[in-house]
Amino acid sequence: MNIFITGGAGFIGSHLAEYHLNRGDNVVIVDDLSTGNEQNVTPFLKDSRYRFEKGDILTWEGMEQEIAVADRIYHMAAVVGMFRVLQQPVEVTRVNVQGTERLLEYIARAKNHPMLVLASSSSVYGHVHTSELREGIELVFPIENNALLGYALSKLTNEIQATAYGQAHGMSIAIPRLFNAVGPRQSGNYGFVLPRFIKQAISGIPLTVFGDGSQTRSFCDVRDTVVALDLLAGNPAGWGQPVNVGNSHEISILDLAKLVIKRAGSSSSIEFVPFEKGYGKHFGQILQRQPVLEKLQHLTSFQHAWTLERTIDDLLKRERSQVDSGASVA
Ligand SMILES: NC(=O)c1ccc[n+]([C@@H]2O[C@H](COP(=O)([O-])OP(=O)(O)OC[C@H]3O[C@@H](n4cnc5c(N)ncnc54)[C@H](O)[C@@H]3O)[C@@H](O)[C@H]2O)c1
């Protein structure tokens with residue numbers, strides 16, 4: 001199979017590349033390296049079935065040509081991470097909405113009809129007042145104190161774009177709503193919590209918890225995420241509609257900090273930092289995120305292989321060896 005990945009040098013994109021190379025597929029990625037890291041994909045360069053193209057999805061001239069020979073496209077390129085979303089709101093619309101539109105237009109024109117997996121996000125659930133995050137529930141987006149509104153709506157717009165193009169052009173599009181993926185190559189630079197905790201615990205400095213840490217999240221190892229995406233892509237019954245992808249094991253951020261300290265055997269303490277200090281006055285914290293996975297389970301044979309403890313142990317091991325080799329990156 002010919003696989004084309006936008007944002008392929010990023011966290012999830014690079015795992016998709018690795019997964020498909022391991023399965024014997026040809027993989028081409030495009031990435032502008034805005035948050036992605038070339039080192040994420042350097043090991044693949046020795047594989048003749050792999051190619052890296054540096055480019056912006058809005059302007060890259062090779063896009064049409066690459067789509068014309070692709071069997072499956074994963075669209076992962078986006079402005080992501082709380083810090084980047086808060087600091088570069090215009091880029092969110094430019095890349096996430098216009099970039100997706102450009103990609104969809106080219107796919108609609110392509111004679112080979114490649115299948116598309118378009119990454120949506122649990123952020124589309126906005127500030128709903130239920131713990132039962134099912135795909136069909138009514139969505140709530142307060143306008144005030146909701147600094148992530150632009151990102152959430154860009155991802156919801158992506159779903160609408162995908163549905164519209166799917167209907168108008170008969171395109172095959174899977175729309176996973178991704179819930180907090182974690183694992184190797186995730187950067188702590190853009191607001192992701194687990195890589196930050198891992199570094200802090202290993203350095204013996206306090207783990208910074210925003211608010212009182214009672215907000216919960218459900219973390220899915222990225223190596224599970226990519227399997228779920230592949231399975232979803234393989235079942236036409238799941239195309240054209242959003243499907244939650246994640247892990248329903250829920251944990252508070254305070255308990256996550258404690259768990260990392262414990263697994264690391266670290267002497268670090270926990271420091272509570274007001275949300276405003278980390279994210280500004282109008283942030284509006286989301287208190288809970290736990291996916292209902294019934295639809296994914298109905299459509300696929302997906303099973304998680306990674307527990308949170310195993311992921312944390314793996315990340316600690318990797319970070320320690322990076323520190324030992326003097327190559328630790330954020
Ligand atoms: N990581 C998660 O927990 C999570 C959760 C929900 C949704 N998602 C979605 O999954 C996708 C991948 O996220 P990720 O966590 O791997 O983030 P990431 O930042 O690691 O990956 C995004 C990649 O896109 C690239 N990129 C950004 N703008 C680009 C542009 N204009 N042209 C070309 N490349 C560009 C970046 O350099 C980066 O490599 C995103 O669409 C994101 O919205 C991720």
# chains A, B, ... in the order shown; residues from 1 in each chain; ligands from 1
call {"tool": "select_by_dssp", "arguments": {"residues": "range 131-257 of chain A", "states": "alpha helix (DSSP H)", "output": "VMD selection string"}}
result
chain A and resid 149 to 169 193 to 203 222 to 233 253 to 257
call {"tool": "write_last_selection", "arguments": {"atoms": "C-alpha atoms", "output": "CSV table (one decimal), in the first residue's frame"}}
result
chain,number,residue,atom,x,y,z
A,149,LEU,CA,-12.3,27.6,21.2
A,150,GLY,CA,-10.5,28.3,17.9
A,151,TYR,CA,-8.8,24.9,18.0
A,152,ALA,CA,-11.9,23.1,19.0
A,153,LEU,CA,-14.0,24.7,16.2
A,154,SER,CA,-11.2,24.1,13.7
A,155,LYS,CA,-11.4,20.4,14.4
A,156,LEU,CA,-15.2,20.4,14.3
A,157,THR,CA,-14.9,22.3,11.0
A,158,ASN,CA,-12.6,19.5,9.8
A,159,GLU,CA,-15.3,17.0,10.5
A,160,ILE,CA,-17.9,19.1,8.6
A,161,GLN,CA,-15.5,19.5,5.7
A,162,ALA,CA,-14.9,15.8,5.6
A,163,THR,CA,-18.6,15.0,5.7
A,164,ALA,CA,-19.3,17.5,3.0
A,165,TYR,CA,-16.6,16.3,0.6
A,166,GLY,CA,-17.5,12.7,1.4
A,167,GLN,CA,-21.1,13.3,0.4
A,168,ALA,CA,-20.4,15.6,-2.6
A,169,HIS,CA,-17.6,13.5,-4.1
A,193,VAL,CA,1.6,17.1,30.3
A,194,LEU,CA,3.1,13.6,30.4
A,195,PRO,CA,6.5,14.4,28.7
A,196,ARG,CA,6.8,17.4,31.1
A,197,PHE,CA,6.2,15.2,34.2
A,198,ILE,CA,8.6,12.6,33.0
A,199,LYS,CA,11.4,15.2,32.6
A,200,GLN,CA,10.7,16.9,35.9
A,201,ALA,CA,10.6,13.6,37.8
A,202,ILE,CA,13.9,12.5,36.3
A,203,SER,CA,15.5,15.8,37.0
A,222,VAL,CA,0.2,6.3,20.6
A,223,ARG,CA,1.2,2.7,19.6
A,224,ASP,CA,-2.4,1.7,20.4
A,225,THR,CA,-3.8,4.8,18.7
A,226,VAL,CA,-2.1,4.0,15.3
A,227,VAL,CA,-3.5,0.4,15.4
A,228,ALA,CA,-7.0,1.8,16.0
A,229,LEU,CA,-6.6,4.3,13.1
A,230,ASP,CA,-5.5,1.5,10.8
A,231,LEU,CA,-8.5,-0.7,11.8
A,232,LEU,CA,-10.9,2.2,11.4
A,233,ALA,CA,-9.5,3.0,8.0
A,253,ILE,CA,-3.7,15.1,36.7
A,254,LEU,CA,-2.7,15.0,40.4
A,255,ASP,CA,-2.8,11.2,40.4
A,256,LEU,CA,-0.8,11.2,37.2
A,257,ALA,CA,1.9,13.3,38.8
call {"tool": "residues_near_ligand", "arguments": {"ligand": "ligand 1", "cutoff": "7 Å", "atoms": "only C-alpha atoms and all ligand atoms", "output": "PDB file with C-alpha atoms, in the first residue's frame"}}
result
ATOM      1  CA  THR A   6       0.725  15.017   6.340  1.00  0.00           C
ATOM      2  CA  GLY A   7       2.400  16.078   9.582  1.00  0.00           C
ATOM      3  CA  GLY A   8       4.380  12.847   9.401  1.00  0.00           C
ATOM      4  CA  ALA A   9       7.350  14.159  11.392  1.00  0.00           C
ATOM      5  CA  GLY A  10       5.088  14.901  14.333  1.00  0.00           C
ATOM      6  CA  PHE A  11       4.243  12.725  17.258  1.00  0.00           C
ATOM      7  CA  ILE A  12       1.362  10.594  15.939  1.00  0.00           C
ATOM      8  CA  GLY A  13       2.402  10.972  12.290  1.00  0.00           C
ATOM      9  CA  VAL A  30       5.204  15.927   4.294  1.00  0.00           C
ATOM     10  CA  ASP A  31       5.888  18.214   7.225  1.00  0.00           C
ATOM     11  CA  ASP A  32       6.955  21.840   7.655  1.00  0.00           C
ATOM     12  CA  LEU A  33       8.685  20.930  10.944  1.00  0.00           C
ATOM     13  CA  SER A  34       6.832  23.679  12.826  1.00  0.00           C
ATOM     14  CA  THR A  35       6.252  21.382  15.819  1.00  0.00           C
ATOM     15  CA  GLY A  36       7.459  18.149  14.283  1.00  0.00           C
ATOM     16  CA  ASN A  37      11.052  17.096  14.623  1.00  0.00           C
ATOM     17  CA  GLY A  55       6.677  21.546   2.974  1.00  0.00           C
ATOM     18  CA  ASP A  56       3.704  23.526   4.201  1.00  0.00           C
ATOM     19  CA  ILE A  57       0.416  21.781   3.378  1.00  0.00           C
ATOM     20  CA  LEU A  58      -0.951  25.137   2.196  1.00  0.00           C
ATOM     21  CA  HIS A  75      -4.025  13.954   7.559  1.00  0.00           C
ATOM     22  CA  MET A  76      -2.225  14.740  10.817  1.00  0.00           C
ATOM     23  CA  ALA A  77      -0.742  18.173  10.060  1.00  0.00           C
ATOM     24  CA  ALA A  78      -2.312  20.778  12.317  1.00  0.00           C
ATOM     25  CA  VAL A  79      -1.496  23.483  14.814  1.00  0.00           C
ATOM     26  CA  VAL A  80      -1.753  21.578  18.106  1.00  0.00           C
ATOM     27  CA  GLY A  81      -0.711  21.811  21.751  1.00  0.00           C
ATOM     28  CA  VAL A  95      -3.400  25.457   8.799  1.00  0.00           C
ATOM     29  CA  GLY A  99      -4.850  23.394   4.870  1.00  0.00           C
ATOM     30  CA  ALA A 119      -7.557  13.496  12.586  1.00  0.00           C
ATOM     31  CA  SER A 120     -10.263  15.173  14.629  1.00  0.00           C
ATOM     32  CA  SER A 121     -10.006  15.716  18.352  1.00  0.00           C
ATOM     33  CA  SER A 122     -11.833  15.221  21.630  1.00  0.00           C
ATOM     34  CA  ARG A 177     -11.838  11.893  17.326  1.00  0.00           C
ATOM     35  CA  LEU A 178      -8.531  11.435  19.100  1.00  0.00           C
ATOM     36  CA  PHE A 179      -8.330  11.614  22.891  1.00  0.00           C
ATOM     37  CA  ASN A 180      -4.970  12.423  24.543  1.00  0.00           C
ATOM     38  CA  ALA A 181      -2.351  10.237  22.931  1.00  0.00           C
ATOM     39  CA  VAL A 182       0.908   9.717  24.830  1.00  0.00           C
ATOM     40  CA  GLN A 186       5.734  13.579  22.209  1.00  0.00           C
TER      41      GLN A 186
END
call {"tool": "atom_distance", "arguments": {"atom1": "CA of Ile175 in chain A", "atom2": "CA of Asn235 in chain A"}}
result
11.9 Å
call {"tool": "closest_atom_pairs", "arguments": {"of": "range 151-187 of chain A", "to": "range 14-24 of chain A", "cutoff": "10 Å", "atoms": "only C-alpha atoms", "output": "tab-separated table"}}
result
residue	atom	partner	partner_atom	distance
A:Gly183	CA	A:His15	CA	9.6
A:Pro184	CA	A:His15	CA	8.9
A:Arg185	CA	A:Ser14	CA	8.4
call {"tool": "closest_residue", "arguments": {"among": "A:Thr216, A:Tyr106, A:Ile143, A:Asn40", "to": "Phe52 in chain A", "atoms": "only C-alpha atoms"}}
result
A:Asn40
call {"tool": "closest_residue", "arguments": {"among": "A:Asn2, A:Phe83, A:Lys54, A:Arg217", "to": "Ser187 in chain A", "atoms": "only C-alpha atoms"}}
result
A:Phe83
call {"tool": "select_by_dssp", "arguments": {"residues": "range 150-216 of chain A", "states": "strand (DSSP E or B)", "output": "ChimeraX atom specification"}}
result
/A:173-178,181-182,207-210,216
call {"tool": "atom_distance", "arguments": {"atom1": "CA of His113 in chain A", "atom2": "CA of Val245 in chain A"}}
result
24.6 Å
call {"tool": "atom_distance", "arguments": {"atom1": "CA of Pro43 in chain A", "atom2": "CA of Ala174 in chain A"}}
result
28.4 Å
call {"tool": "closest_residue", "arguments": {"among": "A:Glu271, A:Thr93, A:Val292, A:Arg72", "to": "Ile137 in chain A", "atoms": "only C-alpha atoms"}}
result
A:Val292
call {"tool": "residues_around", "arguments": {"residues": "Met1 in chain A", "least_positions_apart": "2", "cutoff": "8 Å", "atoms": "only C-alpha atoms", "output": "ChimeraX atom specification"}}
result
/A:3,25-26,70-72
call {"tool": "residues_around", "arguments": {"residues": "Arg289 in chain A", "least_positions_apart": "5", "cutoff": "12 Å", "atoms": "only C-alpha atoms", "output": "PyMOL selection string"}}
result
chain A and resi 121-134+178-180+214-220+244+246-253
call {"tool": "decode", "arguments": {"residues": "range 96-135 of chain A", "atoms": "N, CA and C atoms", "output": "PDB file, in the first residue's frame"}}
result
ATOM      1  N   ASN A  96      -5.266  24.530  10.060  1.00  0.00           N
ATOM      2  CA  ASN A  96      -6.230  23.469  10.344  1.00  0.00           C
ATOM      3  C   ASN A  96      -7.434  23.499   9.403  1.00  0.00           C
ATOM      4  N   VAL A  97      -7.879  24.690   9.046  1.00  0.00           N
ATOM      5  CA  VAL A  97      -9.076  24.752   8.194  1.00  0.00           C
ATOM      6  C   VAL A  97      -8.695  24.878   6.712  1.00  0.00           C
ATOM      7  N   GLN A  98      -7.880  25.917   6.384  1.00  0.00           N
ATOM      8  CA  GLN A  98      -7.526  26.097   4.970  1.00  0.00           C
ATOM      9  C   GLN A  98      -6.661  24.955   4.447  1.00  0.00           C
ATOM     10  N   GLY A  99      -5.736  24.497   5.281  1.00  0.00           N
ATOM     11  CA  GLY A  99      -4.850  23.394   4.870  1.00  0.00           C
ATOM     12  C   GLY A  99      -5.656  22.139   4.592  1.00  0.00           C
ATOM     13  N   THR A 100      -6.642  21.868   5.435  1.00  0.00           N
ATOM     14  CA  THR A 100      -7.490  20.689   5.245  1.00  0.00           C
ATOM     15  C   THR A 100      -8.323  20.830   3.980  1.00  0.00           C
ATOM     16  N   GLU A 101      -8.817  22.041   3.737  1.00  0.00           N
ATOM     17  CA  GLU A 101      -9.621  22.289   2.531  1.00  0.00           C
ATOM     18  C   GLU A 101      -8.790  22.012   1.264  1.00  0.00           C
ATOM     19  N   ARG A 102      -7.553  22.487   1.276  1.00  0.00           N
ATOM     20  CA  ARG A 102      -6.687  22.277   0.097  1.00  0.00           C
ATOM     21  C   ARG A 102      -6.489  20.783  -0.161  1.00  0.00           C
ATOM     22  N   LEU A 103      -6.222  20.060   0.931  1.00  0.00           N
ATOM     23  CA  LEU A 103      -6.011  18.608   0.806  1.00  0.00           C
ATOM     24  C   LEU A 103      -7.267  17.935   0.260  1.00  0.00           C
ATOM     25  N   LEU A 104      -8.413  18.293   0.817  1.00  0.00           N
ATOM     26  CA  LEU A 104      -9.671  17.664   0.392  1.00  0.00           C
ATOM     27  C   LEU A 104      -9.965  17.958  -1.081  1.00  0.00           C
ATOM     28  N   GLU A 105      -9.661  19.182  -1.502  1.00  0.00           N
ATOM     29  CA  GLU A 105      -9.905  19.535  -2.909  1.00  0.00           C
ATOM     30  C   GLU A 105      -9.085  18.671  -3.851  1.00  0.00           C
ATOM     31  N   TYR A 106      -7.805  18.496  -3.510  1.00  0.00           N
ATOM     32  CA  TYR A 106      -6.949  17.655  -4.354  1.00  0.00           C
ATOM     33  C   TYR A 106      -7.429  16.204  -4.352  1.00  0.00           C
ATOM     34  N   ILE A 107      -7.837  15.712  -3.195  1.00  0.00           N
ATOM     35  CA  ILE A 107      -8.285  14.308  -3.136  1.00  0.00           C
ATOM     36  C   ILE A 107      -9.567  14.145  -3.969  1.00  0.00           C
ATOM     37  N   ALA A 108     -10.445  15.147  -3.882  1.00  0.00           N
ATOM     38  CA  ALA A 108     -11.699  15.069  -4.648  1.00  0.00           C
ATOM     39  C   ALA A 108     -11.431  14.972  -6.149  1.00  0.00           C
ATOM     40  N   ARG A 109     -10.347  15.631  -6.593  1.00  0.00           N
ATOM     41  CA  ARG A 109     -10.038  15.643  -8.031  1.00  0.00           C
ATOM     42  C   ARG A 109      -9.268  14.403  -8.475  1.00  0.00           C
ATOM     43  N   ALA A 110      -8.706  13.663  -7.505  1.00  0.00           N
ATOM     44  CA  ALA A 110      -7.810  12.550  -7.863  1.00  0.00           C
ATOM     45  C   ALA A 110      -8.606  11.384  -8.451  1.00  0.00           C
ATOM     46  N   LYS A 111      -8.066  10.811  -9.516  1.00  0.00           N
ATOM     47  CA  LYS A 111      -8.784   9.729 -10.203  1.00  0.00           C
ATOM     48  C   LYS A 111      -8.657   8.407  -9.449  1.00  0.00           C
ATOM     49  N   ASN A 112      -7.618   8.301  -8.611  1.00  0.00           N
ATOM     50  CA  ASN A 112      -7.354   7.016  -7.934  1.00  0.00           C
ATOM     51  C   ASN A 112      -8.178   6.831  -6.656  1.00  0.00           C
ATOM     52  N   HIS A 113      -8.918   7.842  -6.233  1.00  0.00           N
ATOM     53  CA  HIS A 113      -9.791   7.784  -5.053  1.00  0.00           C
ATOM     54  C   HIS A 113      -9.105   7.227  -3.796  1.00  0.00           C
ATOM     55  N   PRO A 114      -8.049   7.870  -3.319  1.00  0.00           N
ATOM     56  CA  PRO A 114      -7.412   7.369  -2.094  1.00  0.00           C
ATOM     57  C   PRO A 114      -8.322   7.527  -0.887  1.00  0.00           C
ATOM     58  N   MET A 115      -8.107   6.653   0.067  1.00  0.00           N
ATOM     59  CA  MET A 115      -8.881   6.723   1.316  1.00  0.00           C
ATOM     60  C   MET A 115      -8.202   7.738   2.249  1.00  0.00           C
ATOM     61  N   LEU A 116      -8.991   8.499   2.983  1.00  0.00           N
ATOM     62  CA  LEU A 116      -8.420   9.522   3.878  1.00  0.00           C
ATOM     63  C   LEU A 116      -8.782   9.235   5.330  1.00  0.00           C
ATOM     64  N   VAL A 117      -7.780   9.356   6.206  1.00  0.00           N
ATOM     65  CA  VAL A 117      -8.028   9.336   7.651  1.00  0.00           C
ATOM     66  C   VAL A 117      -7.744  10.749   8.147  1.00  0.00           C
ATOM     67  N   LEU A 118      -8.761  11.438   8.601  1.00  0.00           N
ATOM     68  CA  LEU A 118      -8.621  12.838   8.986  1.00  0.00           C
ATOM     69  C   LEU A 118      -8.692  12.952  10.516  1.00  0.00           C
ATOM     70  N   ALA A 119      -7.620  13.463  11.121  1.00  0.00           N
ATOM     71  CA  ALA A 119      -7.557  13.496  12.586  1.00  0.00           C
ATOM     72  C   ALA A 119      -8.433  14.600  13.159  1.00  0.00           C
ATOM     73  N   SER A 120      -9.520  14.208  13.828  1.00  0.00           N
ATOM     74  CA  SER A 120     -10.263  15.173  14.629  1.00  0.00           C
ATOM     75  C   SER A 120      -9.789  15.038  16.083  1.00  0.00           C
ATOM     76  N   SER A 121     -10.505  15.650  16.975  1.00  0.00           N
ATOM     77  CA  SER A 121     -10.006  15.716  18.352  1.00  0.00           C
ATOM     78  C   SER A 121     -11.144  15.696  19.354  1.00  0.00           C
ATOM     79  N   SER A 122     -10.847  15.199  20.541  1.00  0.00           N
ATOM     80  CA  SER A 122     -11.833  15.221  21.630  1.00  0.00           C
ATOM     81  C   SER A 122     -12.189  16.656  22.003  1.00  0.00           C
ATOM     82  N   SER A 123     -11.380  17.634  21.547  1.00  0.00           N
ATOM     83  CA  SER A 123     -11.689  19.033  21.854  1.00  0.00           C
ATOM     84  C   SER A 123     -13.034  19.443  21.265  1.00  0.00           C
ATOM     85  N   VAL A 124     -13.540  18.699  20.276  1.00  0.00           N
ATOM     86  CA  VAL A 124     -14.844  19.071  19.711  1.00  0.00           C
ATOM     87  C   VAL A 124     -15.962  18.906  20.746  1.00  0.00           C
ATOM     88  N   TYR A 125     -15.700  18.152  21.809  1.00  0.00           N
ATOM     89  CA  TYR A 125     -16.723  18.016  22.849  1.00  0.00           C
ATOM     90  C   TYR A 125     -16.850  19.300  23.675  1.00  0.00           C
ATOM     91  N   GLY A 126     -15.905  20.226  23.473  1.00  0.00           N
ATOM     92  CA  GLY A 126     -16.018  21.535  24.124  1.00  0.00           C
ATOM     93  C   GLY A 126     -16.246  21.410  25.610  1.00  0.00           C
ATOM     94  N   HIS A 127     -17.274  22.083  26.090  1.00  0.00           N
ATOM     95  CA  HIS A 127     -17.551  22.097  27.527  1.00  0.00           C
ATOM     96  C   HIS A 127     -18.859  21.366  27.813  1.00  0.00           C
ATOM     97  N   VAL A 128     -19.068  20.209  27.223  1.00  0.00           N
ATOM     98  CA  VAL A 128     -20.320  19.488  27.456  1.00  0.00           C
ATOM     99  C   VAL A 128     -20.445  19.098  28.931  1.00  0.00           C
ATOM    100  N   HIS A 129     -21.683  19.028  29.398  1.00  0.00           N
ATOM    101  CA  HIS A 129     -21.892  18.779  30.826  1.00  0.00           C
ATOM    102  C   HIS A 129     -22.226  17.320  31.082  1.00  0.00           C
ATOM    103  N   THR A 130     -21.465  16.425  30.527  1.00  0.00           N
ATOM    104  CA  THR A 130     -21.693  15.010  30.801  1.00  0.00           C
ATOM    105  C   THR A 130     -20.358  14.284  30.734  1.00  0.00           C
ATOM    106  N   SER A 131     -20.274  13.203  31.480  1.00  0.00           N
ATOM    107  CA  SER A 131     -19.049  12.414  31.409  1.00  0.00           C
ATOM    108  C   SER A 131     -19.149  11.372  30.291  1.00  0.00           C
ATOM    109  N   GLU A 132     -20.337  11.250  29.709  1.00  0.00           N
ATOM    110  CA  GLU A 132     -20.561  10.237  28.662  1.00  0.00           C
ATOM    111  C   GLU A 132     -20.259  10.833  27.294  1.00  0.00           C
ATOM    112  N   LEU A 133     -19.006  10.861  26.910  1.00  0.00           N
ATOM    113  CA  LEU A 133     -18.640  11.504  25.649  1.00  0.00           C
ATOM    114  C   LEU A 133     -18.858  10.542  24.480  1.00  0.00           C
ATOM    115  N   ARG A 134     -20.113  10.537  24.008  1.00  0.00           N
ATOM    116  CA  ARG A 134     -20.491   9.734  22.836  1.00  0.00           C
ATOM    117  C   ARG A 134     -20.505  10.638  21.625  1.00  0.00           C
ATOM    118  N   GLU A 135     -20.263  10.048  20.468  1.00  0.00           N
ATOM    119  CA  GLU A 135     -20.094  10.827  19.247  1.00  0.00           C
ATOM    120  C   GLU A 135     -21.306  11.697  18.914  1.00  0.00           C
TER     121      GLU A 135
END
